[in-house]
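File shown: upload.cif. Contents: mmCIF, C-alpha atoms and all ligand atoms.
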```cif
data_my_file
loop_
_atom_site.label_atom_id
_atom_site.label_comp_id
_atom_site.auth_asym_id
_atom_site.auth_seq_id
_atom_site.Cartn_x
_atom_site.Cartn_y
_atom_site.Cartn_z
CA MET E 4 -9.34 16.39 11.13
CA GLU E 5 -6.59 14.36 12.70
CA LEU E 6 -6.32 10.59 13.07
CA THR E 7 -4.26 9.31 16.01
CA VAL E 8 -2.74 5.84 15.79
CA LYS E 9 -0.78 3.96 18.44
CA LYS E 10 1.49 0.97 18.15
CA ALA E 11 -0.56 -2.24 17.88
CA HIS E 12 0.17 -5.96 17.87
CA ASN E 13 -2.16 -8.76 17.17
CA LEU E 14 -4.65 -7.48 14.61
CA LYS E 15 -7.36 -10.13 14.58
CA GLY E 16 -10.67 -10.58 12.89
CA THR E 17 -12.77 -11.08 9.78
CA ILE E 18 -13.71 -7.96 7.85
CA GLN E 19 -15.24 -6.81 4.59
CA VAL E 20 -14.03 -3.73 2.78
CA PRO E 21 -16.37 -1.34 0.95
CA GLY E 22 -17.15 -1.60 -2.75
CA ASP E 23 -14.56 -1.14 -5.48
CA LYS E 24 -14.24 2.53 -6.40
CA SER E 25 -13.51 2.02 -10.11
CA ILE E 26 -16.43 -0.37 -10.57
CA SER E 27 -18.81 1.81 -8.52
CA HIS E 28 -18.10 4.86 -10.74
CA ARG E 29 -18.63 2.78 -13.85
CA SER E 30 -21.88 1.23 -12.54
CA ILE E 31 -23.45 4.71 -12.52
CA MET E 32 -21.95 5.77 -15.85
CA PHE E 33 -23.00 2.60 -17.66
CA GLY E 34 -26.35 2.49 -15.89
CA ALA E 35 -27.01 6.09 -16.95
CA LEU E 36 -26.28 5.45 -20.64
CA ALA E 37 -28.16 2.12 -20.77
CA GLU E 38 -31.77 1.51 -21.72
CA SER E 39 -34.01 0.85 -18.66
CA VAL E 40 -33.00 0.29 -15.02
CA THR E 41 -29.63 -0.93 -13.70
CA HIS E 42 -29.58 -2.40 -10.20
CA VAL E 43 -26.34 -1.85 -8.26
CA THR E 44 -25.42 -3.59 -5.00
CA GLY E 45 -22.22 -3.23 -2.97
CA PHE E 46 -21.86 0.37 -4.22
CA LEU E 47 -19.09 2.44 -2.61
CA ALA E 48 -20.86 5.29 -0.80
CA ALA E 49 -17.72 7.43 -0.51
CA ASP E 50 -17.09 11.02 -1.62
CA ASP E 51 -15.60 10.16 -5.05
CA CYS E 52 -18.50 7.99 -6.18
CA ILE E 53 -21.03 10.43 -4.70
CA SER E 54 -19.43 13.06 -6.98
CA THR E 55 -20.17 10.82 -9.98
CA MET E 56 -23.72 10.30 -8.75
CA HIS E 57 -24.36 14.05 -8.39
CA CYS E 58 -22.91 14.79 -11.85
CA PHE E 59 -25.21 12.27 -13.51
CA GLU E 60 -28.21 13.53 -11.53
CA ALA E 61 -27.39 17.01 -12.85
CA LEU E 62 -27.39 15.46 -16.34
CA GLY E 63 -30.97 14.28 -15.91
CA VAL E 64 -30.44 10.73 -14.65
CA GLU E 65 -32.69 9.49 -11.86
CA ILE E 66 -30.76 7.51 -9.25
CA GLU E 67 -32.75 5.83 -6.48
CA ARG E 68 -30.81 5.09 -3.31
CA LEU E 69 -32.43 2.01 -1.83
CA SER E 70 -29.77 1.98 0.92
CA GLU E 71 -26.20 3.26 1.37
CA THR E 72 -24.88 0.58 -0.96
CA GLU E 73 -27.83 -0.28 -3.19
CA LEU E 74 -28.97 1.86 -6.13
CA LYS E 75 -31.30 1.84 -9.06
CA VAL E 76 -30.00 3.86 -11.99
CA HIS E 77 -32.70 4.81 -14.48
CA GLY E 78 -30.89 4.75 -17.82
CA VAL E 79 -31.60 7.47 -20.38
CA GLY E 80 -30.03 5.70 -23.37
CA LEU E 81 -26.71 6.25 -25.13
CA LYS E 82 -27.23 9.91 -26.03
CA GLY E 83 -30.03 10.78 -23.62
CA LEU E 84 -28.22 13.01 -21.11
CA THR E 85 -29.79 16.44 -20.73
CA GLU E 86 -28.04 19.79 -20.50
CA PRO E 87 -27.09 20.61 -16.90
CA SER E 88 -28.17 23.98 -15.51
CA VAL E 89 -25.27 23.95 -13.01
CA ILE E 90 -21.50 23.55 -13.23
CA LEU E 91 -20.66 19.88 -12.77
CA ASP E 92 -18.50 19.35 -9.68
CA THR E 93 -16.27 16.28 -9.90
CA GLY E 94 -14.78 16.89 -6.45
CA ASN E 95 -11.50 15.02 -5.97
CA SER E 96 -12.23 12.37 -8.60
CA GLY E 97 -9.91 11.99 -11.58
CA THR E 98 -11.95 9.02 -12.78
CA THR E 99 -15.17 11.06 -12.86
CA THR E 100 -13.50 14.03 -14.54
CA ARG E 101 -11.71 12.13 -17.28
CA ILE E 102 -14.40 9.59 -18.18
CA LEU E 103 -17.18 12.19 -18.05
CA THR E 104 -15.24 14.37 -20.48
CA GLY E 105 -15.42 11.55 -23.04
CA ILE E 106 -19.10 10.92 -22.38
CA LEU E 107 -20.08 14.60 -22.60
CA ALA E 108 -18.06 15.15 -25.78
CA GLY E 109 -20.57 13.00 -27.68
CA GLN E 110 -23.85 14.14 -26.08
CA ASN E 111 -26.21 16.88 -27.24
CA VAL E 112 -25.35 19.15 -24.33
CA PHE E 113 -23.14 22.05 -23.30
CA ALA E 114 -21.53 21.44 -19.92
CA VAL E 115 -18.86 22.97 -17.69
CA MET E 116 -16.92 20.82 -15.27
CA THR E 117 -14.58 21.60 -12.40
CA GLY E 118 -13.36 20.02 -9.15
CA ASP E 119 -11.38 20.56 -5.97
CA ALA E 120 -7.87 22.03 -5.61
CA SER E 121 -6.23 18.67 -6.41
CA ILE E 122 -8.35 18.06 -9.53
CA ARG E 123 -7.58 21.57 -10.76
CA LYS E 124 -3.88 20.60 -10.90
CA ARG E 125 -4.28 17.22 -12.62
CA PRO E 126 -3.44 16.82 -16.33
CA MET E 127 -6.48 16.68 -18.63
CA ALA E 128 -4.71 17.15 -21.99
CA ARG E 129 -4.25 13.36 -22.02
CA VAL E 130 -8.00 13.03 -22.67
CA VAL E 131 -8.73 16.39 -24.33
CA GLU E 132 -6.17 15.93 -27.14
CA PRO E 133 -7.40 12.55 -28.43
CA LEU E 134 -11.03 13.64 -27.99
CA ARG E 135 -10.35 16.68 -30.18
CA LEU E 136 -8.98 14.30 -32.83
CA MET E 137 -12.43 12.65 -32.71
CA GLY E 138 -14.05 16.03 -33.36
CA ALA E 139 -14.84 17.03 -29.76
CA GLN E 140 -15.30 20.69 -28.89
CA ILE E 141 -13.58 21.27 -25.56
CA TRP E 142 -12.14 24.41 -24.00
CA GLY E 143 -10.19 24.65 -20.77
CA ARG E 144 -7.47 26.33 -18.81
CA GLY E 145 -4.04 26.07 -20.41
CA GLY E 146 -5.59 25.28 -23.80
CA GLY E 147 -7.51 22.33 -22.33
CA THR E 148 -4.81 21.08 -19.96
CA TYR E 149 -6.72 21.75 -16.73
CA VAL E 150 -10.29 22.06 -15.45
CA PRO E 151 -12.52 23.99 -15.58
CA LEU E 152 -13.36 22.40 -18.91
CA ALA E 153 -16.25 23.54 -21.10
CA ILE E 154 -17.61 20.88 -23.45
CA ASN E 155 -19.99 21.44 -26.32
CA GLY E 156 -21.26 18.04 -27.40
CA ALA E 157 -20.52 17.23 -31.05
CA ALA E 158 -20.78 14.45 -33.63
CA LEU E 159 -17.67 12.35 -32.95
CA LYS E 160 -15.75 10.19 -35.40
CA GLY E 161 -13.80 7.05 -34.50
CA ILE E 162 -9.98 7.30 -34.43
CA THR E 163 -6.97 5.04 -34.19
CA TYR E 164 -4.89 6.18 -31.24
CA ASP E 165 -1.90 4.97 -29.21
CA LEU E 166 -2.18 5.94 -25.54
CA PRO E 167 1.07 7.57 -24.36
CA VAL E 168 0.62 6.06 -20.86
CA ALA E 169 -1.13 2.95 -19.56
CA SER E 170 -4.22 4.50 -18.01
CA ALA E 171 -7.65 3.05 -17.43
CA GLN E 172 -9.10 6.54 -17.17
CA ILE E 173 -7.85 7.55 -20.64
CA LYS E 174 -8.77 4.16 -22.11
CA THR E 175 -12.28 4.34 -20.65
CA CYS E 176 -12.79 7.96 -21.69
CA LEU E 177 -11.95 7.06 -25.30
CA LEU E 178 -13.93 3.80 -25.31
CA MET E 179 -17.02 5.69 -24.11
CA ALA E 180 -16.43 8.41 -26.70
CA GLY E 181 -15.92 5.61 -29.26
CA LEU E 182 -19.29 4.16 -28.31
CA LEU E 183 -20.87 7.56 -29.05
CA ALA E 184 -18.89 8.09 -32.26
CA GLU E 185 -19.47 7.13 -35.85
CA GLY E 186 -17.32 4.23 -37.06
CA GLU E 187 -14.56 2.32 -35.30
CA THR E 188 -12.24 3.51 -32.54
CA ILE E 189 -9.01 1.54 -32.19
CA LEU E 190 -6.86 2.09 -29.08
CA THR E 191 -3.52 0.64 -28.06
CA GLU E 192 -1.98 1.06 -24.61
CA PRO E 193 1.70 0.52 -23.73
CA SER E 194 0.84 -1.99 -21.01
CA LYS E 195 -2.45 -3.24 -19.67
CA SER E 196 -4.33 -1.04 -17.22
CA ARG E 197 -7.36 -2.19 -15.22
CA ASP E 198 -10.04 -3.71 -17.46
CA HIS E 199 -13.26 -3.00 -15.53
CA THR E 200 -14.67 -1.02 -18.47
CA GLU E 201 -14.06 -3.85 -20.91
CA ARG E 202 -15.79 -6.28 -18.56
CA MET E 203 -18.70 -3.92 -17.97
CA LEU E 204 -19.17 -3.29 -21.70
CA GLU E 205 -19.64 -7.04 -22.07
CA LEU E 206 -22.02 -7.15 -19.07
CA PHE E 207 -24.12 -4.39 -20.65
CA GLY E 208 -24.25 -6.24 -23.98
CA ALA E 209 -21.78 -4.20 -26.06
CA ARG E 210 -19.20 -5.78 -28.34
CA LEU E 211 -15.55 -4.88 -27.92
CA SER E 212 -12.70 -6.70 -29.58
CA ILE E 213 -9.54 -7.11 -27.53
CA ASP E 214 -6.23 -8.25 -29.00
CA GLY E 215 -3.57 -7.99 -26.27
CA ASN E 216 -3.40 -4.29 -25.45
CA ARG E 217 -5.35 -3.26 -28.55
CA TYR E 218 -9.06 -2.48 -28.30
CA THR E 219 -11.60 -1.94 -31.10
CA ILE E 220 -15.08 -0.60 -30.46
CA THR E 221 -17.81 0.25 -32.96
CA GLY E 222 -19.94 3.31 -32.27
CA GLY E 223 -23.70 3.36 -31.85
CA GLN E 224 -24.15 0.15 -29.85
CA GLN E 225 -26.96 0.46 -27.30
CA LEU E 226 -26.22 -0.63 -23.74
CA LYS E 227 -28.69 -2.94 -21.98
CA ALA E 228 -29.32 -2.41 -18.26
CA ALA E 229 -27.63 -4.97 -16.00
CA GLN E 230 -27.31 -6.22 -12.46
CA VAL E 231 -23.99 -4.96 -11.02
CA ASP E 232 -22.80 -6.46 -7.75
CA VAL E 233 -19.64 -4.53 -6.85
CA PRO E 234 -16.90 -6.58 -5.12
CA GLY E 235 -14.85 -5.18 -2.22
CA ASP E 236 -12.04 -2.86 -3.28
CA ILE E 237 -8.62 -4.58 -3.31
CA SER E 238 -7.06 -1.11 -3.00
CA SER E 239 -8.86 -0.64 0.35
CA ALA E 240 -8.10 -4.21 1.42
CA ALA E 241 -4.38 -3.58 0.77
CA PHE E 242 -4.13 -1.33 3.85
CA PHE E 243 -5.28 -4.18 6.09
CA MET E 244 -3.17 -6.76 4.24
CA VAL E 245 -0.03 -4.77 5.02
CA ALA E 246 -1.23 -3.92 8.54
CA ALA E 247 -1.70 -7.63 9.31
CA LEU E 248 1.65 -8.55 7.74
CA ILE E 249 3.74 -6.05 9.70
CA ALA E 250 1.90 -5.61 13.05
CA GLY E 251 3.09 -8.37 15.37
CA ASP E 252 1.21 -11.61 15.65
CA SER E 253 -1.76 -10.79 13.43
CA SER E 254 -4.32 -12.87 11.62
CA VAL E 255 -6.93 -11.20 9.42
CA ILE E 256 -9.49 -12.51 6.94
CA ILE E 257 -10.93 -10.15 4.32
CA GLU E 258 -14.06 -11.39 2.55
CA ASN E 259 -15.42 -10.59 -0.91
CA VAL E 260 -12.37 -8.78 -2.29
CA GLY E 261 -12.19 -8.11 -6.03
CA VAL E 262 -9.30 -10.12 -7.51
CA ASN E 263 -9.45 -9.01 -11.14
CA PRO E 264 -5.97 -9.94 -12.52
CA THR E 265 -5.41 -6.36 -13.74
CA ARG E 266 -5.67 -5.26 -10.08
CA THR E 267 -3.82 -8.01 -8.19
CA GLY E 268 -0.29 -6.65 -8.64
CA VAL E 269 -0.32 -5.92 -4.91
CA LEU E 270 -0.80 -9.65 -4.19
CA ASP E 271 2.09 -10.49 -6.55
CA ALA E 272 4.40 -7.91 -4.98
CA LEU E 273 3.53 -8.97 -1.41
CA ASP E 274 3.95 -12.61 -2.43
CA ALA E 275 7.45 -11.80 -3.72
CA MET E 276 8.10 -10.24 -0.29
CA GLY E 277 7.12 -13.50 1.46
CA ALA E 278 3.55 -12.62 2.48
CA GLY E 279 1.91 -15.91 1.49
CA ILE E 280 -1.61 -14.47 1.35
CA SER E 281 -4.20 -17.20 0.82
CA LEU E 282 -7.13 -16.95 -1.61
CA SER E 283 -10.29 -18.98 -1.08
CA ASP E 284 -13.92 -18.97 -2.20
CA VAL E 285 -12.91 -17.53 -5.60
CA ARG E 286 -15.97 -16.80 -7.75
CA ASP E 287 -17.23 -14.58 -10.55
CA ILE E 288 -20.21 -12.25 -10.09
CA SER E 289 -21.21 -9.50 -12.54
CA ASN E 290 -18.24 -10.46 -14.73
CA GLU E 291 -15.68 -9.66 -11.97
CA PRO E 292 -13.79 -12.27 -9.89
CA ARG E 293 -13.70 -12.00 -6.10
CA ALA E 294 -12.21 -14.06 -3.26
CA THR E 295 -11.62 -14.28 0.47
CA LEU E 296 -8.08 -13.32 1.50
CA GLY E 297 -6.28 -14.75 4.54
CA ILE E 298 -3.28 -12.86 5.96
CA THR E 299 -1.02 -13.65 8.88
CA GLY E 300 1.97 -11.70 10.22
CA LYS E 301 5.19 -12.57 8.35
CA THR E 302 8.83 -11.62 8.03
CA LEU E 303 8.98 -9.62 4.81
CA TYR E 304 11.85 -9.31 2.33
CA ALA E 305 12.68 -6.55 -0.13
CA THR E 306 11.55 -6.71 -3.75
CA THR E 307 11.69 -4.78 -7.03
CA ILE E 308 8.50 -3.24 -8.38
CA GLN E 309 8.67 -1.96 -11.97
CA GLY E 310 7.59 -2.34 -15.60
CA ASP E 311 4.26 -3.95 -16.49
CA LEU E 312 3.56 -4.60 -12.81
CA ILE E 313 3.17 -0.85 -12.13
CA PRO E 314 -0.31 -0.33 -13.68
CA ARG E 315 -1.51 -3.46 -11.84
CA LEU E 316 -0.70 -1.93 -8.43
CA ILE E 317 -0.49 1.80 -9.10
CA ASP E 318 -2.82 2.78 -6.24
CA GLU E 319 -1.14 0.39 -3.79
CA ILE E 320 2.38 1.81 -4.07
CA PRO E 321 1.92 4.06 -1.00
CA ILE E 322 1.02 1.12 1.24
CA LEU E 323 3.69 -1.10 -0.40
CA ALA E 324 6.23 1.59 0.47
CA VAL E 325 5.16 1.25 4.11
CA ALA E 326 5.58 -2.54 3.87
CA ALA E 327 9.04 -1.99 2.38
CA THR E 328 10.15 -0.01 5.47
CA GLN E 329 9.61 -3.23 7.47
CA ALA E 330 11.13 -5.62 4.90
CA HIS E 331 14.69 -6.98 5.01
CA GLY E 332 16.82 -5.45 2.27
CA THR E 333 16.39 -2.69 -0.28
CA THR E 334 13.13 -2.36 -2.19
CA THR E 335 13.24 -0.45 -5.47
CA ILE E 336 10.15 1.03 -7.11
CA ARG E 337 10.64 2.37 -10.67
CA ASP E 338 8.64 3.31 -13.78
CA ALA E 339 6.03 4.90 -11.52
CA SER E 340 6.21 8.58 -12.52
CA GLU E 341 2.38 8.53 -12.88
CA LEU E 342 2.38 8.71 -9.07
CA ARG E 343 3.43 12.34 -9.37
CA VAL E 344 0.09 13.26 -10.96
CA LYS E 345 -2.30 11.35 -8.69
CA GLU E 346 -4.44 12.95 -5.92
CA SER E 347 -1.10 14.30 -4.66
CA ASP E 348 2.50 13.92 -5.85
CA ARG E 349 2.65 10.58 -4.07
CA ILE E 350 6.41 10.10 -4.50
CA ALA E 351 7.18 13.43 -2.84
CA ALA E 352 4.43 13.06 -0.22
CA LEU E 353 5.46 9.56 0.86
CA THR E 354 9.15 10.36 0.99
CA GLN E 355 8.58 13.52 2.99
CA GLU E 356 6.19 11.95 5.51
CA LEU E 357 7.90 8.55 5.97
CA LEU E 358 11.21 10.37 6.59
CA LYS E 359 9.52 12.12 9.54
CA MET E 360 8.85 8.65 10.99
CA GLY E 361 12.50 7.62 10.58
CA ALA E 362 12.19 5.52 7.41
CA ASP E 363 15.19 4.95 5.14
CA ILE E 364 13.64 6.20 1.91
CA GLU E 365 15.06 7.99 -1.10
CA GLU E 366 13.06 9.75 -3.78
CA LEU E 367 13.67 8.95 -7.47
CA GLU E 368 12.13 10.81 -10.38
CA ASP E 369 9.99 7.75 -11.18
CA GLY E 370 9.89 5.90 -7.86
CA MET E 371 11.57 5.29 -4.52
CA ILE E 372 14.34 3.27 -2.89
CA ILE E 373 13.45 1.99 0.57
CA SER E 374 15.70 0.02 2.90
CA GLY E 375 14.59 -1.93 5.94
CA PRO E 376 13.66 -3.12 8.36
CA THR E 377 13.63 0.25 10.10
CA PRO E 378 12.07 0.85 13.51
CA LEU E 379 9.63 3.69 12.86
CA LYS E 380 8.86 6.39 15.40
CA GLY E 381 5.54 8.08 15.96
CA ALA E 382 5.38 11.55 14.43
CA ARG E 383 3.07 14.30 13.28
CA VAL E 384 2.54 13.59 9.59
CA ASN E 385 0.29 15.03 6.89
CA SER E 386 -1.98 13.39 4.31
CA HIS E 387 -1.28 16.05 1.62
CA GLY E 388 -5.05 15.91 1.13
CA ASP E 389 -4.67 12.41 -0.33
CA HIS E 390 -6.80 9.52 0.98
CA ARG E 391 -4.26 6.81 0.22
CA ILE E 392 -1.37 8.72 1.80
CA ALA E 393 -3.48 9.23 4.95
CA MET E 394 -4.34 5.52 5.29
CA SER E 395 -0.77 4.41 4.48
CA LEU E 396 0.61 6.67 7.22
CA ALA E 397 -1.99 5.36 9.67
CA VAL E 398 -0.80 1.79 8.97
CA ALA E 399 2.83 2.90 9.42
CA GLY E 400 1.70 4.27 12.80
CA LEU E 401 0.72 0.74 13.89
CA VAL E 402 4.40 -0.29 13.97
CA ALA E 403 5.84 3.04 15.15
CA ASP E 404 6.90 3.73 18.72
CA GLY E 405 4.61 6.18 20.48
CA GLU E 406 1.82 8.06 18.81
CA THR E 407 1.36 8.99 15.15
CA ASN E 408 -0.91 11.92 14.29
CA VAL E 409 -2.13 11.97 10.69
CA GLU E 410 -3.20 15.53 9.91
CA ASP E 411 -5.89 16.29 7.30
CA SER E 412 -7.20 12.76 7.69
CA GLU E 413 -10.66 13.77 6.39
CA ALA E 414 -9.28 12.88 2.91
CA ILE E 415 -9.89 9.22 3.87
CA ALA E 416 -13.61 9.74 3.14
CA ILE E 417 -12.77 9.97 -0.58
CA SER E 418 -12.57 6.18 -0.80
CA TYR E 419 -13.04 4.60 2.63
CA PRO E 420 -15.22 6.43 5.17
CA GLU E 421 -15.25 3.47 7.63
CA PHE E 422 -11.46 2.94 7.59
CA GLU E 423 -10.87 4.12 11.16
CA ARG E 424 -13.76 2.04 12.57
CA THR E 425 -12.59 -1.14 10.80
CA LEU E 426 -9.02 -0.60 11.99
CA ALA E 427 -10.21 -0.07 15.58
CA ALA E 428 -12.25 -3.28 15.41
CA LEU E 429 -9.19 -5.30 14.34
CA ILE E 430 -7.07 -3.80 17.12
CA ASP E 431 -9.64 -4.38 19.88
CA ARG E 432 -10.15 -8.09 19.32
C1 LIG N 1 -8.74 4.37 -12.19
C2 LIG N 1 -7.60 4.24 -12.91
C3 LIG N 1 -6.26 4.47 -12.35
C4 LIG N 1 -6.27 4.60 -10.84
C5 LIG N 1 -7.42 5.40 -10.33
C6 LIG N 1 -8.74 4.78 -10.79
C7 LIG N 1 -10.02 4.07 -12.87
O1 LIG N 1 -5.71 5.64 -12.90
O2 LIG N 1 -5.06 5.15 -10.38
O3 LIG N 1 -7.41 5.46 -8.93
O4 LIG N 1 -11.05 3.87 -12.16
O5 LIG N 1 -10.06 4.00 -14.09
P1 LIG N 1 -5.09 5.68 -14.38
O6 LIG N 1 -6.18 5.94 -15.33
O7 LIG N 1 -4.12 6.79 -14.34
O8 LIG N 1 -4.49 4.34 -14.62
#
```

Take the structure in this file and express it as structure tokens.
Amino acid sequence: MELTVKKAHNLKGTIQVPGDKSISHRSIMFGALAESVTHVTGFLAADDCISTMHCFEALGVEIERLSETELKVHGVGLKGLTEPSVILDTGNSGTTTRILTGILAGQNVFAVMTGDASIRKRPMARVVEPLRLMGAQIWGRGGGTYVPLAINGAALKGITYDLPVASAQIKTCLLMAGLLAEGETILTEPSKSRDHTERMLELFGARLSIDGNRYTITGGQQLKAAQVDVPGDISSAAFFMVAALIAGDSSVIIENVGVNPTRTGVLDALDAMGAGISLSDVRDISNEPRATLGITGKTLYATTIQGDLIPRLIDEIPILAVAATQAHGTTTIRDASELRVKESDRIAALTQELLKMGADIEELEDGMIISGPTPLKGARVNSHGDHRIAMSLAVAGLVADGETNVEDSEAIAISYPEFERTLAALIDR
């Protein structure tokens, strides 16, 4: 598929973005392992979360779809998953693959898991190695570095482990394995990654002790079913924040956006660039804060994005790079080598594609240097099969002269199937 975008001024309107991807995945995982029925509203019905849903159905969990966004997950209890008769397909989802590895390691099942071409290249040793230290029996390509992985559920033992990278997927995988293990699991991460799992553990009645970036969980705690209302995904909202900031005389309101502090690095970075995004109607539902965001077109200035800020905006770096092409000065992004092992090598993909549009962008091993403002020109660009690259290029197309054709745009359905429709609605006002 190909998405065609033309230059646009004046984006106007009030929108909502679909449910948070991280929280939607977790609502099924926690709901599945809880006792009795978890009710989920605001669920993200996009390919990644559907992959999670299908995996858990194959593991014997009944999931009722009351509507696109509303589910009832019939929990089977902490160790109640049943052996799947099929190979589990995690599609494009790193979150599903990594967290499910931890969950399966402590169940009484044998399971084999694989995914699409992108997932088959993504590093899994980061979860397989610590799980083996807990006693997990896991086999996989490259000694357990890549899927397909075969997991034979075993009796796990708690460990003390320092995560080599700040990663919510690794942290969650090991916290879930810790919940299934005997004794205490103590994890430390180098800087704080998103804390949706910690918040959901609390919502489902489990105890977790948190001391800075150090987490202690005791195995064997039963989860109690909960009501999960998923807020809008700030990572999806970010595309429209940047669109409204850079496309002429725009004014956009985005309602019900998740503003968990471990996810709002994009607001901090845009604020440093002069965006002045307003937050109103801030409230907490299902242990997650949300707010209404107000964005108007602004002159942007360059900034530096590095260090502890990186995990708080890791998924927004592609769209921030687009913002940087329109900002005055030189923006530097560093300490972001994790981008090379996301759905695509996002540093290489962004540099290659934004250069085609005339951007002044230089690739670093762990980031990018982008100077602006640069008038972009419409071009034929490619998503590299990566949803966030596709949407970032589409937003760049809004300020480019002529027409921008984003090839392989079907990747957008991984996280935001209605992206094109919402964008069209803002342009047509
Ligand atoms: C996610 C964690 C992040 C993020 C990904 C979703 C999660 O990855 O990039 O899109 O839901 O836990 P890391 O685990 O590498 O931080």

Problem set entry | Nearby residues (only C-alpha atoms) at most 12 Å from Arg68 of chain E, same-chain spacing under 3 positions excluded, as JSON, numbers by chain | {"E": [31, 42, 43, 44, 45, 46, 48, 53, 56, 65, 71, 72, 73, 74, 75, 76, 77]}

For this session: Within 9 Å of segment 412-427 of chain E, counting only C-alpha atoms, which residues show up once you throw out same-chain ones fewer than 5 positions away? Write them as an MDAnalysis selection string, please.
Result: chainID E and resid 4:6 14 18:21 23:24 47:52 95:96 239 243 385:394 432

Exercise. In Å, with one decimal, what is the gap from atom CA of Asp338 of chain E to atom CA of Lys124 of chain E?
Worked result: 21.5 Å

Exercise. Which residue out of E:Gln230, E:Thr354, E:Thr407, E:Thr98 has the minimum interatomic distance to Lys9 of chain E when only C-alpha atoms are used?
Worked result: E:Thr407

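If one restricts the calculation to only C-alpha atoms and all ligand atoms, the set of residues situated within 6 Å of ligand LIG 1 (chain N) consists of Ser25, Thr98, Ser170, Ala171, Gln172, Ile173, Ser196, Ile317 and Asp318 of chain E.
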
For this session: Extract, using only C-alpha atoms, all DNA, RNA and protein residues at most 7 Å from Phe113 of chain E, discarding same-chain residues fewer than 2 positions from it, and format them as a list of chain:residue names.
Result: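 The residues that qualify are E:Glu86, E:Ile154, E:Asn155, E:Gly156.
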
Exercise. When distances are computed from all atoms listed in the file, which of E:Ile66, E:Ala330, E:Ala272, E:Ala37 shows the smallest separation from Thr307 of chain E?
Worked result: E:Ala272

Exercise. So how far away is atom CA of Asp369 of chain E from atom CA of Glu341 of chain E, in Å?
Worked result: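 Going from atom CA of Glu341 of chain E over to atom CA of Asp369 of chain E, I get 7.8 Å.
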
Exercise. For Thr302 of chain E, which residue out of E:Leu429, E:Val344, E:Ile322, E:Ala250 is the nearest one, using only C-alpha atoms?
Worked result: E:Ala250

Exercise. Of the candidates E:Asp92, E:Asp236, E:Asp411, E:Glu132, which shows the shortest atom-to-atom distance to Met116 of chain E, using only C-alpha atoms?
Worked result: E:Asp92

Problem set entry | Shell of 9 Å around Ala247 of chain E, all atoms listed in the file, local chain residues under 3 positions omitted, as a ChimeraX atom specification | /E:12-15,242-244,250-255,298-301

Please produce an output containing C-alpha atoms for each residue in the selection, written as a PDB file, in the frame of the given file.
```pdb
ATOM      1  CA  HIS E  12       0.170  -5.960  17.870  1.00  0.00           C
ATOM      2  CA  ASN E  13      -2.160  -8.760  17.170  1.00  0.00           C
ATOM      3  CA  LEU E  14      -4.650  -7.480  14.610  1.00  0.00           C
ATOM      4  CA  LYS E  15      -7.360 -10.130  14.580  1.00  0.00           C
ATOM      5  CA  PHE E 242      -4.130  -1.330   3.850  1.00  0.00           C
ATOM      6  CA  PHE E 243      -5.280  -4.180   6.090  1.00  0.00           C
ATOM      7  CA  MET E 244      -3.170  -6.760   4.240  1.00  0.00           C
ATOM      8  CA  ALA E 250       1.900  -5.610  13.050  1.00  0.00           C
ATOM      9  CA  GLY E 251       3.090  -8.370  15.370  1.00  0.00           C
ATOM     10  CA  ASP E 252       1.210 -11.610  15.650  1.00  0.00           C
ATOM     11  CA  SER E 253      -1.760 -10.790  13.430  1.00  0.00           C
ATOM     12  CA  SER E 254      -4.320 -12.870  11.620  1.00  0.00           C
ATOM     13  CA  VAL E 255      -6.930 -11.200   9.420  1.00  0.00           C
ATOM     14  CA  ILE E 298      -3.280 -12.860   5.960  1.00  0.00           C
ATOM     15  CA  THR E 299      -1.020 -13.650   8.880  1.00  0.00           C
ATOM     16  CA  GLY E 300       1.970 -11.700  10.220  1.00  0.00           C
ATOM     17  CA  LYS E 301       5.190 -12.570   8.350  1.00  0.00           C
TER      18      LYS E 301
END
```

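The smallest atom-to-atom distance between Val398 of chain E and any of E:Thr328, E:Thr93, E:Gln355, E:Thr333, using all atoms listed in the file, is found for E:Thr328.
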
Problem set entry | Å distance separating atom CA of Ile102 of chain E from atom CA of Thr175 of chain E, one decimal place |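 Separating atom CA of Ile102 of chain E from atom CA of Thr175 of chain E is a distance of 6.2 Å.
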
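Among the candidates E:Met32, E:Leu166, E:Leu358, E:Val409, the one nearest to Thr100 of chain E when counting all atoms listed in the file is E:Met32.
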
Report the centre and edge lengths, in Å to one decimal, of an axis-aligned box enclosing every atom of segment 178-193 of chain E listed in the file, padded by 3 Å on each side, as AutoDock Vina command-line options.
```
--center_x -9.6 --center_y 4.5 --center_z -30.4 --size_x 28.6 --size_y 13.9 --size_z 19.3
```

Point (6.8, 15.3, -3.1), cut-off 10 Å, counting all atoms listed in the file, residues as an mmCIF file with C-alpha atoms, in the coordinates of the input:
```cif
data_model
loop_
_atom_site.group_PDB
_atom_site.id
_atom_site.type_symbol
_atom_site.label_atom_id
_atom_site.label_comp_id
_atom_site.auth_asym_id
_atom_site.auth_seq_id
_atom_site.Cartn_x
_atom_site.Cartn_y
_atom_site.Cartn_z
ATOM 1 C CA LEU E 342 2.380 8.710 -9.070
ATOM 2 C CA ARG E 343 3.430 12.340 -9.370
ATOM 3 C CA SER E 347 -1.100 14.300 -4.660
ATOM 4 C CA ASP E 348 2.500 13.920 -5.850
ATOM 5 C CA ARG E 349 2.650 10.580 -4.070
ATOM 6 C CA ILE E 350 6.410 10.100 -4.500
ATOM 7 C CA ALA E 351 7.180 13.430 -2.840
ATOM 8 C CA ALA E 352 4.430 13.060 -0.220
ATOM 9 C CA LEU E 353 5.460 9.560 0.860
ATOM 10 C CA THR E 354 9.150 10.360 0.990
ATOM 11 C CA GLN E 355 8.580 13.520 2.990
ATOM 12 C CA GLU E 356 6.190 11.950 5.510
ATOM 13 C CA GLU E 366 13.060 9.750 -3.780
ATOM 14 C CA HIS E 387 -1.280 16.050 1.620
#
```
